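Engineer: Just so it is clear, I am handing over structure.txt, which has compact mmCIF, C-alpha atoms.
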```
# COMPACT_ATOMS: atom_id res chain seq x y z
CA MET B 3 -18.32 63.46 -32.05
CA ASN B 4 -17.12 66.16 -29.68
CA ALA B 5 -19.52 65.54 -26.80
CA VAL B 6 -22.36 63.36 -25.58
CA ARG B 7 -25.42 64.58 -23.65
CA LEU B 8 -26.89 62.12 -21.14
CA ILE B 9 -30.46 62.65 -19.94
CA PRO B 10 -31.82 60.92 -16.80
CA PRO B 11 -34.17 57.95 -17.18
CA SER B 12 -36.98 59.93 -15.52
CA ALA B 13 -37.55 61.26 -19.03
CA LEU B 14 -38.13 57.69 -20.23
CA THR B 15 -41.23 55.55 -19.83
CA HIS B 16 -39.57 52.50 -18.31
CA SER B 17 -37.75 51.70 -15.07
CA VAL B 18 -34.05 50.96 -14.81
CA GLN B 19 -33.88 47.32 -15.86
CA ALA B 20 -30.97 46.24 -18.02
CA THR B 21 -28.78 43.30 -18.98
CA ILE B 22 -25.27 44.38 -19.94
CA PRO B 23 -22.90 42.16 -21.99
CA LEU B 24 -19.74 43.59 -20.47
CA ALA B 25 -16.49 44.08 -22.35
CA SER B 26 -13.81 41.46 -21.68
CA SER B 27 -11.02 42.23 -19.24
CA LYS B 28 -8.15 44.01 -20.95
CA SER B 29 -5.96 43.26 -17.92
CA GLU B 30 -6.41 39.51 -18.34
CA SER B 31 -6.26 39.80 -22.13
CA ASN B 32 -2.97 41.69 -22.17
CA ARG B 33 -1.26 39.23 -19.85
CA ALA B 34 -2.56 36.25 -21.78
CA LEU B 35 -1.32 37.78 -25.04
CA ILE B 36 2.24 38.18 -23.70
CA ILE B 37 2.30 34.62 -22.37
CA ASP B 38 0.88 33.36 -25.67
CA ALA B 39 3.61 35.22 -27.56
CA LEU B 40 6.24 33.64 -25.29
CA THR B 41 4.93 30.19 -26.30
CA GLY B 42 5.33 31.08 -29.97
CA PHE B 43 1.64 32.03 -30.34
CA ARG B 44 0.42 28.48 -29.71
CA CYS B 45 -2.39 29.19 -27.22
CA ASP B 46 -6.08 29.37 -28.06
CA LEU B 47 -7.18 32.64 -26.45
CA GLN B 48 -10.93 33.13 -26.29
CA ASN B 49 -13.03 36.24 -25.60
CA LEU B 50 -10.12 38.67 -25.97
CA SER B 51 -10.94 42.28 -25.17
CA THR B 52 -11.96 44.63 -27.98
CA ALA B 53 -10.49 47.55 -26.02
CA ARG B 54 -8.06 49.72 -27.96
CA ASP B 55 -5.25 48.88 -25.53
CA THR B 56 -5.63 45.17 -26.24
CA GLN B 57 -6.07 45.63 -29.97
CA THR B 58 -2.89 47.71 -29.94
CA MET B 59 -1.10 44.87 -28.15
CA ILE B 60 -2.32 42.36 -30.75
CA ARG B 61 -1.27 44.60 -33.63
CA LEU B 62 2.22 45.23 -32.26
CA LEU B 63 2.86 41.58 -31.40
CA LYS B 64 2.14 40.68 -35.02
CA SER B 65 3.99 43.63 -36.56
CA THR B 66 7.45 43.37 -38.13
CA ASP B 67 7.84 47.16 -38.10
CA ASN B 68 10.85 48.46 -36.18
CA ILE B 69 8.70 51.14 -34.52
CA ALA B 70 6.20 50.05 -31.87
CA ASP B 71 3.77 52.91 -31.21
CA VAL B 72 1.64 51.96 -28.20
CA LEU B 73 -0.48 55.14 -28.45
CA ASP B 74 -1.67 55.83 -24.87
CA ALA B 75 -1.51 52.25 -23.57
CA GLY B 76 0.72 52.16 -20.49
CA THR B 77 0.34 48.42 -19.92
CA THR B 78 1.20 47.75 -23.54
CA MET B 79 4.31 49.94 -23.29
CA ARG B 80 5.60 48.17 -20.21
CA PHE B 81 4.75 44.61 -21.17
CA LEU B 82 6.08 44.93 -24.71
CA THR B 83 9.30 46.60 -23.56
CA ALA B 84 10.02 43.48 -21.50
CA TYR B 85 8.78 41.10 -24.22
CA PHE B 86 10.75 42.66 -27.07
CA SER B 87 13.83 42.71 -24.83
CA ILE B 88 13.76 39.04 -23.79
CA THR B 89 13.06 37.93 -27.37
CA GLY B 90 16.01 39.93 -28.68
CA GLN B 91 14.02 42.16 -31.01
CA LYS B 92 15.16 45.58 -32.13
CA LYS B 93 12.31 48.00 -31.56
CA THR B 94 11.72 51.69 -31.01
CA MET B 95 9.09 52.02 -28.28
CA THR B 96 7.04 55.22 -28.42
CA GLY B 97 3.53 56.56 -27.86
CA THR B 98 1.43 59.68 -27.42
CA PRO B 99 2.97 62.82 -25.86
CA ARG B 100 1.36 61.89 -22.53
CA MET B 101 2.70 58.33 -22.82
CA CYS B 102 6.19 59.78 -23.23
CA GLU B 103 5.71 61.68 -19.96
CA ARG B 104 4.97 58.50 -17.99
CA PRO B 105 8.03 57.04 -16.23
CA ILE B 106 9.55 53.71 -17.22
CA GLY B 107 13.06 54.01 -15.75
CA ILE B 108 12.55 51.42 -12.99
CA LEU B 109 11.62 48.75 -15.55
CA VAL B 110 14.40 49.70 -17.96
CA ASP B 111 17.01 49.58 -15.17
CA ALA B 112 15.84 46.08 -14.21
CA LEU B 113 15.87 44.84 -17.81
CA ARG B 114 19.39 46.21 -18.31
CA VAL B 115 20.62 44.24 -15.29
CA LEU B 116 19.13 41.09 -16.83
CA GLY B 117 20.89 41.74 -20.13
CA ALA B 118 18.73 44.06 -22.23
CA ASP B 119 20.39 46.70 -24.40
CA ILE B 120 18.05 49.70 -24.08
CA THR B 121 18.78 53.37 -24.71
CA TYR B 122 16.63 56.45 -24.18
CA LEU B 123 16.02 58.50 -27.30
CA LYS B 124 15.09 61.68 -25.48
CA GLN B 125 14.71 62.14 -21.71
CA ALA B 126 16.30 59.52 -19.46
CA GLY B 127 13.69 57.48 -17.61
CA TYR B 128 10.92 58.06 -20.16
CA PRO B 129 9.87 56.84 -23.62
CA PRO B 130 10.73 56.83 -26.45
CA LEU B 131 13.16 53.93 -26.05
CA GLN B 132 15.40 51.99 -28.39
CA ILE B 133 15.64 48.25 -27.68
CA ASN B 134 18.73 46.79 -29.33
CA GLY B 135 18.68 43.16 -28.23
CA PHE B 136 19.28 40.91 -25.25
CA ALA B 137 22.26 38.95 -23.95
CA PRO B 138 22.00 37.44 -20.44
CA ALA B 139 24.67 39.08 -18.31
CA THR B 140 25.54 35.89 -16.42
CA GLU B 141 23.58 32.83 -15.41
CA SER B 142 23.89 34.00 -11.82
CA THR B 143 22.06 37.26 -12.59
CA ASN B 144 18.74 35.98 -11.37
CA ARG B 145 17.94 38.26 -8.45
CA LEU B 146 16.64 41.82 -8.63
CA SER B 147 15.39 44.40 -6.17
CA ILE B 148 12.58 46.66 -7.37
CA ARG B 149 10.20 49.12 -5.74
CA GLY B 150 6.74 47.73 -5.17
CA ASP B 151 4.94 51.04 -4.72
CA VAL B 152 5.32 52.65 -8.16
CA SER B 153 3.66 50.36 -10.70
CA SER B 154 2.60 46.75 -10.47
CA GLN B 155 2.97 46.62 -14.26
CA TYR B 156 6.77 46.78 -13.92
CA ILE B 157 6.63 43.72 -11.68
CA SER B 158 4.21 41.85 -13.95
CA ALA B 159 6.33 42.65 -17.01
CA LEU B 160 9.43 41.19 -15.37
CA VAL B 161 7.91 38.04 -13.92
CA MET B 162 6.15 37.14 -17.18
CA ILE B 163 9.44 37.00 -19.06
CA ALA B 164 11.26 35.29 -16.15
CA PRO B 165 10.62 31.68 -17.30
CA LEU B 166 12.78 32.42 -20.35
CA LEU B 167 15.77 33.60 -18.31
CA PRO B 168 18.60 31.04 -17.96
CA SER B 169 18.27 30.85 -14.17
CA GLY B 170 14.76 32.19 -13.73
CA LEU B 171 14.29 35.20 -11.47
CA THR B 172 13.75 36.21 -7.87
CA LEU B 173 12.27 39.68 -7.39
CA GLU B 174 12.70 41.42 -4.05
CA LEU B 175 10.02 44.10 -3.63
CA THR B 176 10.95 47.11 -1.53
CA GLY B 177 8.57 49.46 0.23
CA ALA B 178 4.80 49.08 0.12
CA ILE B 179 3.29 46.89 -2.58
CA GLY B 180 0.68 48.68 -4.70
CA SER B 181 -2.05 47.02 -6.76
CA GLN B 182 -1.12 43.57 -5.43
CA PRO B 183 -4.23 41.91 -6.93
CA TYR B 184 -2.88 42.78 -10.40
CA ILE B 185 0.37 41.00 -9.52
CA ASP B 186 -1.65 38.05 -8.18
CA MET B 187 -3.56 37.98 -11.48
CA THR B 188 -0.30 37.79 -13.39
CA LEU B 189 1.05 34.99 -11.21
CA GLU B 190 -2.16 32.94 -11.45
CA GLN B 191 -2.20 33.23 -15.24
CA MET B 192 1.47 32.22 -15.36
CA ARG B 193 0.73 29.16 -13.22
CA TYR B 194 -2.18 28.23 -15.48
CA PHE B 195 0.23 28.15 -18.42
CA GLY B 196 2.70 25.93 -16.56
CA ALA B 197 5.11 28.41 -14.97
CA GLU B 198 6.59 27.53 -11.59
CA VAL B 199 5.97 30.62 -9.45
CA GLN B 200 6.18 31.22 -5.73
CA ALA B 201 5.24 34.44 -3.95
CA ASP B 202 6.11 35.16 -0.33
CA TRP B 203 4.28 38.36 0.52
CA GLU B 204 5.70 38.54 4.04
CA ALA B 205 9.25 38.39 2.71
CA LYS B 206 8.17 40.47 -0.31
CA THR B 207 9.72 38.09 -2.84
CA ILE B 208 8.51 36.45 -6.05
CA THR B 209 10.49 33.52 -7.42
CA VAL B 210 10.06 32.18 -10.96
CA ALA B 211 11.80 29.02 -12.14
CA PRO B 212 13.33 28.73 -15.64
CA GLU B 213 10.47 26.57 -16.88
CA ALA B 214 8.93 27.20 -20.30
CA TYR B 215 5.22 27.98 -20.61
CA THR B 216 2.85 25.27 -21.80
CA PRO B 217 0.41 26.35 -24.56
CA LYS B 218 -3.21 25.90 -23.45
CA PRO B 219 -6.67 27.32 -24.28
CA TYR B 220 -7.71 30.25 -22.10
CA ALA B 221 -11.01 32.16 -21.84
CA ILE B 222 -10.96 35.80 -20.68
CA GLU B 223 -13.44 36.91 -17.97
CA SER B 224 -15.56 40.04 -18.35
CA ASP B 225 -14.03 43.27 -17.05
CA TRP B 226 -14.65 44.20 -13.41
CA SER B 227 -13.34 47.70 -14.07
CA GLY B 228 -16.08 48.09 -16.67
CA ALA B 229 -18.58 46.60 -14.24
CA SER B 230 -17.83 49.37 -11.73
CA TYR B 231 -19.64 51.97 -13.84
CA TRP B 232 -22.79 49.87 -13.72
CA TYR B 233 -22.53 49.60 -9.96
CA SER B 234 -22.51 53.40 -9.94
CA VAL B 235 -25.54 53.46 -12.27
CA ALA B 236 -27.41 51.14 -9.89
CA ALA B 237 -26.36 53.19 -6.85
CA LEU B 238 -27.52 56.47 -8.40
CA ALA B 239 -30.76 55.16 -9.91
CA THR B 240 -33.75 56.79 -8.24
CA ASP B 241 -35.87 53.80 -9.22
CA GLN B 242 -35.87 51.66 -6.07
CA THR B 243 -36.68 48.55 -8.09
CA ALA B 244 -33.67 49.06 -10.38
CA GLU B 245 -32.08 45.81 -11.47
CA ILE B 246 -28.98 45.46 -13.62
CA ASN B 247 -27.56 42.12 -14.75
CA LEU B 248 -23.88 42.09 -15.70
CA LEU B 249 -22.86 39.12 -17.83
CA GLY B 250 -19.64 37.13 -17.72
CA LEU B 251 -18.41 37.94 -14.19
CA LYS B 252 -17.20 35.38 -11.64
CA ALA B 253 -17.54 35.43 -7.85
CA LYS B 254 -13.96 34.15 -7.56
CA SER B 255 -12.17 36.51 -9.91
CA LEU B 256 -8.48 37.12 -10.62
CA GLN B 257 -9.27 40.83 -11.02
CA GLY B 258 -8.59 43.17 -8.10
CA ASP B 259 -11.37 45.48 -9.23
CA SER B 260 -13.90 42.88 -8.10
CA ALA B 261 -13.50 44.79 -4.80
CA ILE B 262 -16.28 46.98 -6.20
CA VAL B 263 -18.73 44.39 -4.79
CA ASP B 264 -17.77 45.29 -1.21
CA ILE B 265 -17.24 49.00 -1.84
CA MET B 266 -20.62 49.54 -3.45
CA ARG B 267 -22.52 47.70 -0.75
CA SER B 268 -21.93 50.82 1.38
CA LEU B 269 -23.16 52.99 -1.50
CA GLY B 270 -26.43 51.14 -1.85
CA VAL B 271 -25.85 48.21 -4.23
CA GLU B 272 -26.25 44.53 -3.39
CA SER B 273 -24.64 41.84 -5.58
CA THR B 274 -26.11 38.42 -6.25
CA PHE B 275 -24.02 36.04 -8.37
CA THR B 276 -25.86 33.93 -10.92
CA GLU B 277 -24.88 31.36 -13.52
CA SER B 278 -24.50 34.11 -16.11
CA GLY B 279 -22.82 36.82 -14.01
CA VAL B 280 -23.98 39.15 -11.22
CA GLN B 281 -27.31 40.85 -10.50
CA LEU B 282 -27.28 44.34 -8.98
CA THR B 283 -30.16 45.56 -6.83
CA LYS B 284 -30.71 48.43 -4.38
CA CYS B 285 -29.93 48.28 -0.66
CA PRO B 286 -29.54 50.89 2.14
CA THR B 287 -26.73 53.43 1.80
CA ALA B 288 -24.19 54.26 4.51
CA GLU B 289 -23.58 57.89 5.54
CA THR B 290 -19.80 57.58 5.31
CA LEU B 291 -17.28 55.31 3.62
CA ALA B 292 -13.52 54.95 4.01
CA TRP B 293 -11.54 52.87 1.51
CA ASP B 294 -7.90 52.21 0.73
CA PHE B 295 -7.59 52.05 -3.07
CA THR B 296 -3.98 50.84 -3.08
CA ASP B 297 -5.04 47.49 -4.59
CA CYS B 298 -7.75 48.87 -6.89
CA PRO B 299 -6.79 52.42 -7.96
CA ASP B 300 -8.85 52.26 -11.16
CA LEU B 301 -12.03 52.25 -9.05
CA ALA B 302 -11.29 55.50 -7.25
CA GLN B 303 -12.77 57.90 -9.81
CA THR B 304 -16.02 55.96 -10.11
CA VAL B 305 -16.50 55.64 -6.35
CA ALA B 306 -15.60 59.30 -5.75
CA VAL B 307 -18.19 60.54 -8.24
CA CYS B 308 -20.88 58.18 -6.96
CA ALA B 309 -20.29 59.18 -3.33
CA ALA B 310 -20.33 62.87 -4.28
CA VAL B 311 -23.72 62.63 -5.97
CA LYS B 312 -25.24 60.54 -3.16
CA GLY B 313 -23.89 62.87 -0.45
CA VAL B 314 -21.82 60.13 1.19
CA VAL B 315 -18.66 61.44 2.84
CA LEU B 316 -15.86 59.39 1.30
CA ARG B 317 -12.34 59.11 2.71
CA LEU B 318 -9.81 57.84 0.15
CA THR B 319 -6.28 56.59 0.66
CA GLY B 320 -3.96 54.74 -1.71
CA ILE B 321 -4.60 56.97 -4.73
CA GLU B 322 -1.06 58.35 -5.16
CA SER B 323 -0.53 56.30 -8.34
CA LEU B 324 -3.43 58.11 -10.02
CA LYS B 325 -1.18 61.10 -10.57
CA ILE B 326 0.88 59.26 -13.22
CA LYS B 327 -1.95 57.61 -15.14
CA GLU B 328 -3.44 58.76 -18.49
CA THR B 329 -3.74 62.13 -16.79
CA ASP B 330 -3.21 63.35 -13.23
CA ARG B 331 -6.46 61.78 -12.11
CA VAL B 332 -6.39 63.41 -8.68
CA ALA B 333 -6.18 66.90 -10.19
CA ALA B 334 -8.78 65.97 -12.83
CA LEU B 335 -11.20 64.76 -10.16
CA GLN B 336 -10.68 67.90 -8.11
CA ALA B 337 -11.54 70.07 -11.12
CA GLU B 338 -14.51 68.10 -12.42
CA LEU B 339 -16.21 67.26 -9.13
CA GLN B 340 -16.66 70.98 -8.55
CA LYS B 341 -18.86 71.08 -11.65
CA ILE B 342 -21.36 68.71 -10.03
CA GLY B 343 -21.37 70.49 -6.67
CA ALA B 344 -18.72 68.49 -4.83
CA GLU B 345 -15.06 68.67 -3.86
CA LEU B 346 -12.08 66.36 -3.39
CA VAL B 347 -10.06 67.73 -0.48
CA GLU B 348 -6.50 66.72 0.38
CA ILE B 349 -6.53 66.11 4.15
CA GLU B 350 -3.00 64.71 4.51
CA PRO B 351 -0.47 65.55 1.77
CA ASN B 352 -0.27 62.82 -0.88
CA HIS B 353 -2.09 60.34 1.36
CA LEU B 354 -5.61 61.06 2.62
CA TYR B 355 -8.43 62.70 0.65
CA GLU B 356 -12.11 63.31 1.29
CA VAL B 357 -15.05 63.82 -1.06
CA HIS B 358 -17.81 66.17 0.14
CA GLN B 359 -21.06 67.22 -1.50
CA LEU B 360 -21.39 71.01 -1.63
CA ALA B 361 -24.68 71.39 -3.49
CA ILE B 362 -27.58 69.02 -4.06
CA THR B 363 -28.23 69.90 -7.69
CA PRO B 364 -25.93 71.48 -10.30
CA SER B 365 -27.39 74.79 -11.47
CA ALA B 366 -27.08 73.69 -15.10
CA PRO B 367 -26.00 70.54 -16.94
CA ALA B 368 -22.33 70.14 -16.14
CA THR B 369 -19.87 69.67 -19.00
CA ILE B 370 -17.16 67.25 -17.95
CA ASP B 371 -13.69 67.40 -19.46
CA THR B 372 -12.15 63.96 -19.96
CA TYR B 373 -8.44 64.81 -20.22
CA ASP B 374 -7.89 62.02 -22.79
CA ASP B 375 -8.79 59.62 -19.99
CA HIS B 376 -11.37 56.88 -20.59
CA ARG B 377 -12.08 56.48 -16.88
CA MET B 378 -12.95 60.14 -16.42
CA ALA B 379 -15.67 59.81 -19.07
CA MET B 380 -17.15 56.61 -17.69
CA ALA B 381 -16.86 57.58 -14.01
CA PHE B 382 -18.98 60.70 -14.57
CA ALA B 383 -21.50 59.15 -16.98
CA PRO B 384 -23.63 57.55 -14.19
CA VAL B 385 -24.38 61.06 -12.86
CA ALA B 386 -27.00 60.99 -15.63
CA MET B 387 -29.16 58.80 -13.42
CA ARG B 388 -29.84 61.96 -11.36
CA HIS B 389 -28.90 64.99 -13.49
CA GLU B 390 -28.45 65.82 -17.14
CA ILE B 391 -24.74 65.86 -17.92
CA ILE B 392 -22.48 66.47 -20.93
CA ILE B 393 -19.27 64.50 -21.43
CA ASP B 394 -16.65 66.02 -23.74
CA GLU B 395 -14.61 63.83 -26.11
CA PRO B 396 -16.65 60.69 -25.43
CA GLY B 397 -14.56 58.67 -27.91
CA VAL B 398 -11.93 58.14 -25.19
CA VAL B 399 -13.90 55.12 -23.93
CA ALA B 400 -12.52 53.10 -26.87
CA LYS B 401 -9.38 52.57 -24.80
CA SER B 402 -11.10 50.01 -22.57
CA TYR B 403 -14.87 49.79 -23.26
CA PRO B 404 -15.74 50.62 -26.91
CA SER B 405 -19.45 49.80 -26.54
CA PHE B 406 -19.95 51.88 -23.38
CA TRP B 407 -22.25 54.53 -24.88
CA ASP B 408 -24.36 51.89 -26.63
CA ASP B 409 -24.78 50.17 -23.28
CA MET B 410 -25.57 53.46 -21.49
CA ALA B 411 -28.40 53.99 -23.95
CA ARG B 412 -30.14 51.05 -22.25
CA VAL B 413 -30.68 53.14 -19.09
CA ALA B 414 -30.54 56.81 -20.17
CA THR B 415 -31.07 58.98 -23.22
CA VAL B 416 -27.79 59.37 -25.07
CA GLU B 417 -27.42 62.23 -27.58
CA PHE B 418 -24.18 62.78 -29.47
CA MET B 419 -23.36 66.40 -30.15
```
Would you put the structure from the file into structure tokens?
Structural biologist:
Amino acid sequence: MNAVRLIPPSALTHSVQATIPLASSKSESNRALIIDALTGFRCDLQNLSTARDTQTMIRLLKSTDNIADVLDAGTTMRFLTAYFSITGQKKTMTGTPRMCERPIGILVDALRVLGADITYLKQAGYPPLQINGFAPATESTNRLSIRGDVSSQYISALVMIAPLLPSGLTLELTGAIGSQPYIDMTLEQMRYFGAEVQADWEAKTITVAPEAYTPKPYAIESDWSGASYWYSVAALATDQTAEINLLGLKAKSLQGDSAIVDIMRSLGVESTFTESGVQLTKCPTAETLAWDFTDCPDLAQTVAVCAAVKGVVLRLTGIESLKIKETDRVAALQAELQKIGAELVEIEPNHLYEVHQLAITPSAPATIDTYDDHRMAMAFAPVAMRHEIIIDEPGVVAKSYPSFWDDMARVATVEFM
């Protein structure tokens, strides 16, 4: 399928009422899989994500092949580079052309200090990599300094392998700390599996003792990133009695993207937690919204599109990391928002942006390019609650939410082209 046409529910005979069995969290799944592997695969992991990123992780952890092709999975690339290093495996780490344009030098430098033998096969600082084994430099090599503002996945990759280091590890984080909730998620999962971890956010240090993980059963929560698209659906629904029930979510979640509860309250969605998950209903919408996405960058596209369609002036900060994701998400948003009568304006270079609505209704169904980015497809799909829209290359959703279009068919007409 090359495209999918989404037609607003006004063409249907029923109101917007849906119960969505959300995909499991790939963020939790991927961390649990690494920890499980470090126990010798002795944990009972339940409700693992069916997302392509997670399935790629599972496949590569089981594979005896010398080449580990992560496709477009950045988390998988970073976590497995650390895992294969600490376990002394010889692997060639590679991926899609875009994956090989995404930096990994900060992680490789840190792993080399700890004792990993890693060489670059092409451009220094980027995949593909050759991992040739691991030999701890000295038992006193247990302290590293690493930037905290580039990728939380570097930090998570290092601390997850730290219990296997002879003297554990203390990480000193320099600069601002981005996506801290993802680091917190990692630390909480490590603690659950018996790791001794201390984080001092004022001193910007994380200390991990050389204490082996304890195998235990673990159940993965539903994905708050996936939930965000349904918050946008509820916000954009013209049916004032719209009600969407999202299954498998917790009020006290490890996932930073649960911030969508507070963000979307300003965009007209109230959350009520139930025994089975969370119920979304309509509430008044604010005229303006300002949000720092440093801790939840994966929500920025969804919120930007929703605000654009509703005519809410949105001020965004903390989205610098979006430029090195599956695509340059800032540039992609700037291009595609114009197609639905809106714009993303850079107010302060590489810091402050604003979303403004330019036209109430697109003159014709917009065709949205997805740039090989799952979140571009799903962020723009809720526009279908107001306007007919076409999404190119809809198969990209398999990266994180394979059943997304099936679920969208519960609230809009979905036609594959």
Engineer: With distances taken over all atoms listed in the file, which of B:Leu339, B:Val305, B:Ile120, B:Met419 is nearest to Ile392 (chain B)?
Structural biologist: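 Comparing B:Leu339, B:Val305, B:Ile120, B:Met419 against Ile392 (chain B), the winner is B:Met419.
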Engineer: Could you tell me how far CA of Gln281 (chain B) lies from CA of Phe382 (chain B), in Å and to one decimal?
Structural biologist: 21.9 Å
Engineer: Find the spatial neighbours of region 86-90 of chain B, counting all atoms listed in the file, within a cut-off of 6 Å - ignore same-chain residues fewer than 6 positions away - and output them as a list in words.
Structural biologist: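 With the cut-off at 6 Å, the set is Ala118, Gly135 and Phe136 of chain B.
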Engineer: Find the distance between CA of Ala53 (chain B) and CA of Gln257 (chain B) and write it in Å to one decimal.
Structural biologist: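 The value is 16.5 Å.
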Engineer: Calculated over only C-alpha atoms, which of the candidates B:Val110, B:Ile148, B:Ala164, B:Leu116 has the smallest distance to Ile37 (chain B)?
Structural biologist: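 Smallest distance to Ile37 (chain B) is found for B:Ala164.
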Engineer: Using all atoms listed in the file, which of B:Phe275, B:Tyr373, B:Trp226, B:Phe81 sits nearest Ile163 (chain B)?
Structural biologist: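 Under the stated criterion, the closest residue is B:Phe81.
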Engineer: Which residue gives the smallest distance to Gln303 (chain B) among B:Gln359, B:Tyr231, B:Ser278, B:Gln340, with all atoms listed in the file counted?
Structural biologist: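 Ranked by minimum distance to Gln303 (chain B), first place goes to B:Tyr231.
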Engineer: For CA of Gly76 (chain B) and CA of Ala205 (chain B), quote the distance in Å rounded to one decimal.
Structural biologist: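 So the answer is 28.3 Å.
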Engineer: Any idea what's packed within 12 Å of Leu40 (chain B), counting only C-alpha atoms, ignoring anything in its chain fewer than 5 positions away? Could you give it as a list of chain:residue names?
Structural biologist: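 Returned residues: B:Arg33, B:Ala34, B:Leu35, B:Cys45, B:Leu63, B:Phe81, B:Leu82, B:Ala84, B:Tyr85, B:Phe86, B:Ser87, B:Ile88, B:Thr89, B:Met162, B:Ile163, B:Ala164, B:Pro165, B:Leu166, B:Leu167, B:Met192, B:Phe195, B:Ala197, B:Glu213, B:Ala214, B:Tyr215, B:Thr216, B:Pro217.
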Engineer: Counting only C-alpha atoms, which residue out of B:Tyr194, B:Phe43, B:Thr21, B:Ala236 sits closest to Leu248 (chain B)?
Structural biologist: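 Of B:Tyr194, B:Phe43, B:Thr21, B:Ala236, the one nearest Leu248 (chain B), counting only C-alpha atoms, is B:Thr21.
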Engineer: Between B:Asp74, B:Asp111, B:Asp259, B:Asp225, which is the closest to Thr329 (chain B) once you count only C-alpha atoms?
Structural biologist: B:Asp74
Engineer: Around the point (-13.4, 52.7, -1.6), in the coordinates given by the file, pick out the residues reaching within 8 Å, counting only C-alpha atoms, and return them as a ChimeraX atom specification.
Structural biologist: /B:262,265,291-295,301-302,305,316-318
Engineer: Would you export the selected residues with C-alpha atoms as an mmCIF file, in the frame of the given file, please?
Structural biologist:
```
data_model
loop_
_atom_site.group_PDB
_atom_site.id
_atom_site.type_symbol
_atom_site.label_atom_id
_atom_site.label_comp_id
_atom_site.auth_asym_id
_atom_site.auth_seq_id
_atom_site.Cartn_x
_atom_site.Cartn_y
_atom_site.Cartn_z
ATOM 1 C CA ILE B 262 -16.280 46.980 -6.200
ATOM 2 C CA ILE B 265 -17.240 49.000 -1.840
ATOM 3 C CA LEU B 291 -17.280 55.310 3.620
ATOM 4 C CA ALA B 292 -13.520 54.950 4.010
ATOM 5 C CA TRP B 293 -11.540 52.870 1.510
ATOM 6 C CA ASP B 294 -7.900 52.210 0.730
ATOM 7 C CA PHE B 295 -7.590 52.050 -3.070
ATOM 8 C CA LEU B 301 -12.030 52.250 -9.050
ATOM 9 C CA ALA B 302 -11.290 55.500 -7.250
ATOM 10 C CA VAL B 305 -16.500 55.640 -6.350
ATOM 11 C CA LEU B 316 -15.860 59.390 1.300
ATOM 12 C CA ARG B 317 -12.340 59.110 2.710
ATOM 13 C CA LEU B 318 -9.810 57.840 0.150
#
```
Engineer: For Ile22 (chain B), work out the shell of residues within 9 Å, counting all atoms listed in the file and skipping chain neighbours fewer than 4 positions away, then give it as a list in words.
Structural biologist: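 Once the adjacent positions are removed, what remains is Trp232, Ile246, Asn247, Leu248, Leu249, Asp409 and Arg412 of chain B.
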Engineer: Can you find the residues with an atom no farther than 8 Å from (-0.7, 46.4, -3.4), counting only C-alpha atoms, and report them as an NGL selection string?
Structural biologist: :B and (150-151 or 154 or 178-183 or 296-297)
Engineer: Tell me which protein, DNA and RNA residues are within 8 Å of Pro219 (chain B), counting only C-alpha atoms, leaving out same-chain ones fewer than 6 positions away, and put them as a ChimeraX atom specification.
Structural biologist: /B:45-48
Engineer: Neighbours of His376 (chain B) within 8 Å (all atoms listed in the file; same-chain residues fewer than 6 positions away dropped), as a PDB file with C-alpha atoms, in the frame of the given file?
Structural biologist:
```pdb
ATOM      1  CA  VAL B 398     -11.930  58.140 -25.190  1.00  0.00           C
ATOM      2  CA  VAL B 399     -13.900  55.120 -23.930  1.00  0.00           C
ATOM      3  CA  ALA B 400     -12.520  53.100 -26.870  1.00  0.00           C
ATOM      4  CA  LYS B 401      -9.380  52.570 -24.800  1.00  0.00           C
ATOM      5  CA  SER B 402     -11.100  50.010 -22.570  1.00  0.00           C
TER       6      SER B 402
END
```
Engineer: Could you work out an axis-aligned bounding box for all listed atoms of region 29-39 of chain B, with 3 Å added on each of the six sides, and give its centre and edge lengths in Å to one decimal, as lines of an AutoDock Vina configuration file?
Structural biologist:
```
center_x = -1.4
center_y = 38.3
center_z = -22.7
size_x = 16.0
size_y = 15.9
size_z = 15.6
```
